[in-house]
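input_10.cif (mmCIF, C-alpha atoms)
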```cif
data_model
loop_
_atom_site.group_PDB
_atom_site.id
_atom_site.type_symbol
_atom_site.label_atom_id
_atom_site.label_comp_id
_atom_site.auth_asym_id
_atom_site.auth_seq_id
_atom_site.Cartn_x
_atom_site.Cartn_y
_atom_site.Cartn_z
ATOM 1 C CA MET A 1 -53.279 -28.954 -26.892
ATOM 2 C CA PRO A 2 -49.629 -29.902 -27.505
ATOM 3 C CA GLU A 3 -47.376 -30.330 -24.485
ATOM 4 C CA GLN A 4 -44.706 -27.677 -24.034
ATOM 5 C CA THR A 5 -41.214 -29.183 -24.455
ATOM 6 C CA TRP A 6 -38.976 -26.216 -23.647
ATOM 7 C CA PRO A 7 -39.154 -23.311 -21.179
ATOM 8 C CA ALA A 8 -41.136 -20.346 -22.455
ATOM 9 C CA ASP A 9 -38.766 -17.698 -21.077
ATOM 10 C CA PRO A 10 -36.003 -16.889 -23.615
ATOM 11 C CA GLU A 11 -33.852 -15.463 -20.778
ATOM 12 C CA THR A 12 -33.420 -18.925 -19.224
ATOM 13 C CA PRO A 13 -29.732 -19.929 -19.413
ATOM 14 C CA VAL A 14 -29.086 -23.029 -21.537
ATOM 15 C CA ILE A 15 -26.293 -25.524 -20.840
ATOM 16 C CA GLU A 16 -25.210 -27.499 -23.912
ATOM 17 C CA TYR A 17 -22.888 -30.354 -24.798
ATOM 18 C CA ARG A 18 -22.400 -32.522 -27.876
ATOM 19 C CA THR A 19 -22.019 -36.317 -27.823
ATOM 20 C CA GLY A 20 -20.637 -38.784 -30.343
ATOM 21 C CA ARG A 21 -18.149 -36.498 -32.056
ATOM 22 C CA TRP A 22 -15.024 -38.674 -31.693
ATOM 23 C CA ALA A 23 -16.752 -41.930 -32.629
ATOM 24 C CA PHE A 24 -18.147 -40.200 -35.714
ATOM 25 C CA ILE A 25 -14.673 -38.942 -36.698
ATOM 26 C CA GLY A 26 -13.188 -42.426 -36.145
ATOM 27 C CA GLY A 27 -15.890 -44.011 -38.306
ATOM 28 C CA LEU A 28 -15.290 -41.417 -41.000
ATOM 29 C CA ALA A 29 -11.553 -42.177 -40.969
ATOM 30 C CA LEU A 30 -12.251 -45.927 -41.259
ATOM 31 C CA PHE A 31 -14.662 -45.313 -44.113
ATOM 32 C CA VAL A 32 -12.284 -43.069 -46.060
ATOM 33 C CA VAL A 33 -9.072 -45.072 -45.584
ATOM 34 C CA PHE A 34 -10.513 -48.525 -46.172
ATOM 35 C CA GLY A 35 -12.886 -47.217 -48.845
ATOM 36 C CA LEU A 36 -9.946 -45.919 -50.857
ATOM 37 C CA ALA A 37 -8.124 -49.219 -50.321
ATOM 38 C CA ALA A 38 -11.221 -51.086 -51.550
ATOM 39 C CA VAL A 39 -11.580 -48.941 -54.673
ATOM 40 C CA PHE A 40 -7.856 -49.059 -55.498
ATOM 41 C CA PRO A 41 -6.637 -52.444 -54.134
ATOM 42 C CA ASP A 42 -3.546 -52.794 -56.318
ATOM 43 C CA VAL A 43 -2.040 -49.329 -55.799
ATOM 44 C CA GLY A 44 1.479 -49.327 -54.368
ATOM 45 C CA HIS A 45 4.255 -51.845 -54.264
ATOM 46 C CA PRO A 46 3.590 -55.557 -53.699
ATOM 47 C CA SER A 47 4.326 -56.793 -50.209
ATOM 48 C CA ALA A 48 7.250 -59.060 -49.440
ATOM 49 C CA SER A 49 4.831 -61.520 -47.870
ATOM 50 C CA SER A 50 4.047 -64.515 -50.049
ATOM 51 C CA ARG A 51 0.361 -64.454 -49.064
ATOM 52 C CA ALA A 52 -0.071 -60.847 -50.162
ATOM 53 C CA LYS A 53 1.516 -61.574 -53.550
ATOM 54 C CA ASN A 54 -0.950 -64.367 -54.240
ATOM 55 C CA MET A 55 -4.064 -62.481 -53.085
ATOM 56 C CA PRO A 56 -6.254 -61.401 -56.004
ATOM 57 C CA PRO A 57 -7.303 -57.725 -56.116
ATOM 58 C CA ALA A 58 -10.997 -58.690 -55.900
ATOM 59 C CA ALA A 59 -10.457 -60.410 -52.533
ATOM 60 C CA ALA A 60 -8.517 -57.439 -51.189
ATOM 61 C CA SER A 61 -11.215 -55.122 -52.477
ATOM 62 C CA PHE A 62 -13.896 -57.223 -50.733
ATOM 63 C CA LEU A 63 -11.965 -57.248 -47.445
ATOM 64 C CA PHE A 64 -11.319 -53.501 -47.451
ATOM 65 C CA GLY A 65 -14.899 -52.845 -48.571
ATOM 66 C CA ALA A 66 -16.187 -54.740 -45.529
ATOM 67 C CA LEU A 67 -13.948 -52.657 -43.255
ATOM 68 C CA ALA A 68 -15.143 -49.466 -44.967
ATOM 69 C CA LEU A 69 -18.763 -50.506 -44.383
ATOM 70 C CA SER A 70 -18.018 -51.075 -40.697
ATOM 71 C CA GLY A 71 -16.679 -47.508 -40.562
ATOM 72 C CA LEU A 72 -19.889 -46.306 -42.210
ATOM 73 C CA MET A 73 -21.949 -48.177 -39.607
ATOM 74 C CA VAL A 74 -19.945 -46.556 -36.792
ATOM 75 C CA MET A 75 -20.594 -43.144 -38.370
ATOM 76 C CA ILE A 76 -24.334 -43.772 -38.647
ATOM 77 C CA GLY A 77 -24.548 -45.088 -35.086
ATOM 78 C CA SER A 78 -22.774 -42.119 -33.572
ATOM 79 C CA VAL A 79 -24.124 -39.058 -35.333
ATOM 80 C CA PRO A 80 -23.219 -36.107 -33.078
ATOM 81 C CA ARG A 81 -26.214 -34.899 -31.085
ATOM 82 C CA MET A 82 -26.542 -31.664 -29.143
ATOM 83 C CA HIS A 83 -27.961 -32.033 -25.619
ATOM 84 C CA ARG A 84 -29.494 -28.930 -24.052
ATOM 85 C CA PHE A 85 -30.474 -28.362 -20.435
ATOM 86 C CA ALA A 86 -32.363 -25.443 -18.928
ATOM 87 C CA VAL A 87 -33.377 -24.853 -15.313
ATOM 88 C CA ASP A 88 -36.379 -22.731 -14.401
ATOM 89 C CA GLN A 89 -39.061 -22.515 -11.691
ATOM 90 C CA ARG A 90 -40.883 -25.594 -13.023
ATOM 91 C CA GLY A 91 -37.941 -27.974 -13.252
ATOM 92 C CA LEU A 92 -34.982 -29.281 -15.249
ATOM 93 C CA TRP A 93 -35.637 -29.271 -19.000
ATOM 94 C CA TRP A 94 -33.741 -31.550 -21.392
ATOM 95 C CA ARG A 95 -33.736 -31.686 -25.179
ATOM 96 C CA ALA A 96 -31.692 -33.829 -27.577
ATOM 97 C CA GLY A 97 -32.801 -33.851 -31.190
ATOM 98 C CA ARG A 98 -36.513 -34.653 -31.207
ATOM 99 C CA LYS A 99 -36.546 -36.049 -27.680
ATOM 100 C CA ALA A 100 -37.425 -33.760 -24.785
ATOM 101 C CA ASP A 101 -38.238 -34.186 -21.120
ATOM 102 C CA LEU A 102 -39.032 -32.141 -18.020
ATOM 103 C CA ILE A 103 -38.110 -33.257 -14.533
ATOM 104 C CA ALA A 104 -40.451 -31.214 -12.353
ATOM 105 C CA TRP A 105 -39.207 -30.135 -8.937
ATOM 106 C CA GLU A 106 -42.227 -31.798 -7.299
ATOM 107 C CA GLU A 107 -40.906 -35.182 -8.497
ATOM 108 C CA LEU A 108 -37.659 -34.838 -6.512
ATOM 109 C CA ARG A 109 -36.663 -34.950 -2.869
ATOM 110 C CA ALA A 110 -33.002 -34.069 -3.427
ATOM 111 C CA VAL A 111 -30.319 -33.537 -6.097
ATOM 112 C CA ARG A 112 -26.548 -33.763 -5.850
ATOM 113 C CA GLY A 113 -23.633 -33.512 -8.246
ATOM 114 C CA ARG A 114 -21.206 -36.442 -8.381
ATOM 115 C CA GLU A 115 -17.543 -35.895 -9.201
ATOM 116 C CA PRO A 116 -15.663 -38.384 -11.381
ATOM 117 C CA ARG A 117 -13.096 -40.657 -9.721
ATOM 118 C CA PRO A 118 -10.699 -43.199 -11.223
ATOM 119 C CA PRO A 119 -10.881 -46.836 -10.131
ATOM 120 C CA VAL A 120 -9.222 -47.684 -6.827
ATOM 121 C CA LYS A 121 -5.658 -48.888 -7.355
ATOM 122 C CA GLY A 122 -5.069 -52.456 -6.288
ATOM 123 C CA ALA A 123 -8.775 -53.367 -6.335
ATOM 124 C CA PRO A 124 -9.459 -55.566 -9.378
ATOM 125 C CA ASN A 125 -13.246 -55.110 -9.279
ATOM 126 C CA SER A 126 -13.148 -51.339 -8.817
ATOM 127 C CA LYS A 127 -14.730 -49.265 -11.576
ATOM 128 C CA PRO A 128 -14.348 -45.560 -12.314
ATOM 129 C CA VAL A 129 -17.063 -43.236 -11.036
ATOM 130 C CA LEU A 130 -18.521 -41.156 -13.875
ATOM 131 C CA PRO A 131 -19.708 -37.547 -13.521
ATOM 132 C CA ALA A 132 -23.459 -37.312 -13.007
ATOM 133 C CA LEU A 133 -26.358 -35.576 -11.344
ATOM 134 C CA VAL A 134 -27.862 -37.946 -8.777
ATOM 135 C CA PHE A 135 -31.575 -37.535 -8.058
ATOM 136 C CA THR A 136 -33.551 -38.827 -5.084
ATOM 137 C CA PRO A 137 -37.069 -39.175 -6.535
ATOM 138 C CA ALA A 138 -40.250 -38.618 -4.566
ATOM 139 C CA ASP A 139 -41.938 -41.750 -5.969
ATOM 140 C CA GLY A 140 -41.036 -45.119 -7.479
ATOM 141 C CA ARG A 141 -42.316 -44.374 -10.985
ATOM 142 C CA PHE A 142 -39.778 -41.618 -11.621
ATOM 143 C CA THR A 143 -37.451 -43.914 -13.601
ATOM 144 C CA LEU A 144 -40.304 -45.079 -15.835
ATOM 145 C CA ARG A 145 -41.436 -41.525 -16.621
ATOM 146 C CA HIS A 146 -37.910 -40.338 -17.437
ATOM 147 C CA SER A 147 -36.353 -43.516 -18.877
ATOM 148 C CA ALA A 148 -34.813 -41.659 -21.838
ATOM 149 C CA LEU A 149 -32.842 -39.439 -19.475
ATOM 150 C CA VAL A 150 -31.940 -41.209 -16.220
ATOM 151 C CA LYS A 151 -30.688 -44.638 -15.178
ATOM 152 C CA PRO A 152 -31.224 -46.227 -11.739
ATOM 153 C CA LEU A 153 -28.074 -46.735 -9.678
ATOM 154 C CA PRO A 154 -27.363 -50.453 -9.158
ATOM 155 C CA ASP A 155 -26.279 -50.101 -5.508
ATOM 156 C CA ALA A 156 -28.877 -47.561 -4.354
ATOM 157 C CA LYS A 157 -32.557 -48.401 -4.555
ATOM 158 C CA THR A 158 -33.746 -44.831 -4.030
ATOM 159 C CA GLU A 159 -31.384 -42.870 -6.290
ATOM 160 C CA VAL A 160 -31.178 -42.433 -10.056
ATOM 161 C CA GLU A 161 -28.407 -40.818 -12.070
ATOM 162 C CA LEU A 162 -28.219 -38.524 -15.050
ATOM 163 C CA ARG A 163 -24.776 -39.231 -16.549
ATOM 164 C CA LEU A 164 -23.012 -36.259 -18.055
ATOM 165 C CA PRO A 165 -19.837 -36.069 -20.179
ATOM 166 C CA ASN A 166 -17.705 -34.041 -17.759
ATOM 167 C CA PHE A 167 -17.681 -32.434 -14.343
ATOM 168 C CA ALA A 168 -17.908 -28.909 -15.802
ATOM 169 C CA THR A 169 -21.426 -29.690 -17.054
ATOM 170 C CA VAL A 170 -22.350 -31.154 -13.649
ATOM 171 C CA ARG A 171 -21.044 -28.008 -11.949
ATOM 172 C CA GLN A 172 -22.969 -25.696 -14.297
ATOM 173 C CA LEU A 173 -26.214 -27.599 -13.739
ATOM 174 C CA THR A 174 -25.798 -27.664 -9.948
ATOM 175 C CA GLN A 175 -25.129 -23.913 -9.959
ATOM 176 C CA GLU A 176 -28.308 -23.304 -11.951
ATOM 177 C CA ILE A 177 -30.313 -25.590 -9.638
ATOM 178 C CA THR A 178 -28.852 -23.736 -6.633
ATOM 179 C CA ARG A 179 -29.988 -20.441 -8.153
ATOM 180 C CA VAL A 180 -33.572 -21.683 -8.604
ATOM 181 C CA ARG A 181 -34.098 -24.355 -5.904
ATOM 182 C CA PRO A 182 -31.293 -24.364 -3.290
ATOM 183 C CA ASP A 183 -33.418 -26.457 -0.919
ATOM 184 C CA LEU A 184 -33.065 -29.538 -3.179
ATOM 185 C CA LEU A 185 -29.257 -29.755 -3.176
ATOM 186 C CA HIS A 186 -27.591 -31.912 -0.568
#
```
Would it be possible to restate this file's structure as structure tokens?
Amino acid sequence: MPEQTWPADPETPVIEYRTGRWAFIGGLALFVVFGLAAVFPDVGHPSASSRAKNMPPAAASFLFGALALSGLMVMIGSVPRMHRFAVDQRGLWWRAGRKADLIAWEELRAVRGREPRPPVKGAPNSKPVLPALVFTPADGRFTLRHSALVKPLPDAKTEVELRLPNFATVRQLTQEITRVRPDLLH
């Protein structure tokens, strides 16, 4: 029997966000601009630089072609992907493309939302705090079971984080968790 990868109730609210959009657009711009420069290397006026005057069009085409291929690689590596979350009586459901996961409520002791903060001014080793849901798991194998979704926090041995793109998504998920399981939030 196949495992269910999404809540059965169609009335369950779904929280969505898309990742990789700006990297994809940047890669597309690199590909188009440098691709055109590679295909048409001798269009325009010659440069006043003596090196540019002596450069053969094949070398310029090769150089711009390599830059266009790097833009293509950035595009391929950052194809926009829709992430979907749903909260129901069984747990927190996640789906991105063909990957899916369920964090059951029995696997957690507590959940909290973490607000983003910039690095501390004047502290050279300070890093920004990213928005996330922070889970306190009930057992030590939680990170192994949900490795596609959560990352362990380096400073806390008992907590793991689910990084999210912005605080609005964190707020929406905490509100949905509060609606279903208010006893888990701390």
Legend entry - Residue neighbourhood A:Arg18, 9 Å, only C-alpha atoms, exclusion window fewer than 4 positions, as a ChimeraX atom specification: /A:80-84,165
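Using the PyMOL selection byres ((chain A and resi 25) around 12) on this structure selects Thr19, Gly20, Arg21, Trp22, Ala23, Phe24, Gly26, Gly27, Leu28, Ala29, Leu30, Phe31, Val32, Gly71, Leu72, Val74, Met75, Ile76, Gly77, Ser78, Val79 and Pro80 of chain A.
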Inset, instruction - May I ask which of the residues A:Gly65, A:Pro124, A:Pro131, A:Gly35 is the closest one to A:Val170, counting only C-alpha atoms? - result: A:Pro131
Legend entry - Distance query stretch 38-43 of chain A at most 12 Å, all atoms listed in the file, self and fewer than 4 positions along chain excluded, as number ranges by chain: A: 30-34, 47, 52-53, 55-69
Would you mind exporting the chosen residues as a PDB file, in the frame of the given file, restricted to C-alpha atoms?
```pdb
ATOM      1  CA  LEU A  30     -12.251 -45.927 -41.259  1.00  0.00           C
ATOM      2  CA  PHE A  31     -14.662 -45.313 -44.113  1.00  0.00           C
ATOM      3  CA  VAL A  32     -12.284 -43.069 -46.060  1.00  0.00           C
ATOM      4  CA  VAL A  33      -9.072 -45.072 -45.584  1.00  0.00           C
ATOM      5  CA  PHE A  34     -10.513 -48.525 -46.172  1.00  0.00           C
ATOM      6  CA  SER A  47       4.326 -56.793 -50.209  1.00  0.00           C
ATOM      7  CA  ALA A  52      -0.071 -60.847 -50.162  1.00  0.00           C
ATOM      8  CA  LYS A  53       1.516 -61.574 -53.550  1.00  0.00           C
ATOM      9  CA  MET A  55      -4.064 -62.481 -53.085  1.00  0.00           C
ATOM     10  CA  PRO A  56      -6.254 -61.401 -56.004  1.00  0.00           C
ATOM     11  CA  PRO A  57      -7.303 -57.725 -56.116  1.00  0.00           C
ATOM     12  CA  ALA A  58     -10.997 -58.690 -55.900  1.00  0.00           C
ATOM     13  CA  ALA A  59     -10.457 -60.410 -52.533  1.00  0.00           C
ATOM     14  CA  ALA A  60      -8.517 -57.439 -51.189  1.00  0.00           C
ATOM     15  CA  SER A  61     -11.215 -55.122 -52.477  1.00  0.00           C
ATOM     16  CA  PHE A  62     -13.896 -57.223 -50.733  1.00  0.00           C
ATOM     17  CA  LEU A  63     -11.965 -57.248 -47.445  1.00  0.00           C
ATOM     18  CA  PHE A  64     -11.319 -53.501 -47.451  1.00  0.00           C
ATOM     19  CA  GLY A  65     -14.899 -52.845 -48.571  1.00  0.00           C
ATOM     20  CA  ALA A  66     -16.187 -54.740 -45.529  1.00  0.00           C
ATOM     21  CA  LEU A  67     -13.948 -52.657 -43.255  1.00  0.00           C
ATOM     22  CA  ALA A  68     -15.143 -49.466 -44.967  1.00  0.00           C
ATOM     23  CA  LEU A  69     -18.763 -50.506 -44.383  1.00  0.00           C
TER      24      LEU A  69
END
```
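With all atoms listed in the file as the basis for measurement, A:Leu164 is the residue among A:Val120, A:Val134, A:Val111, A:Leu164 that approaches A:Phe85 most closely.
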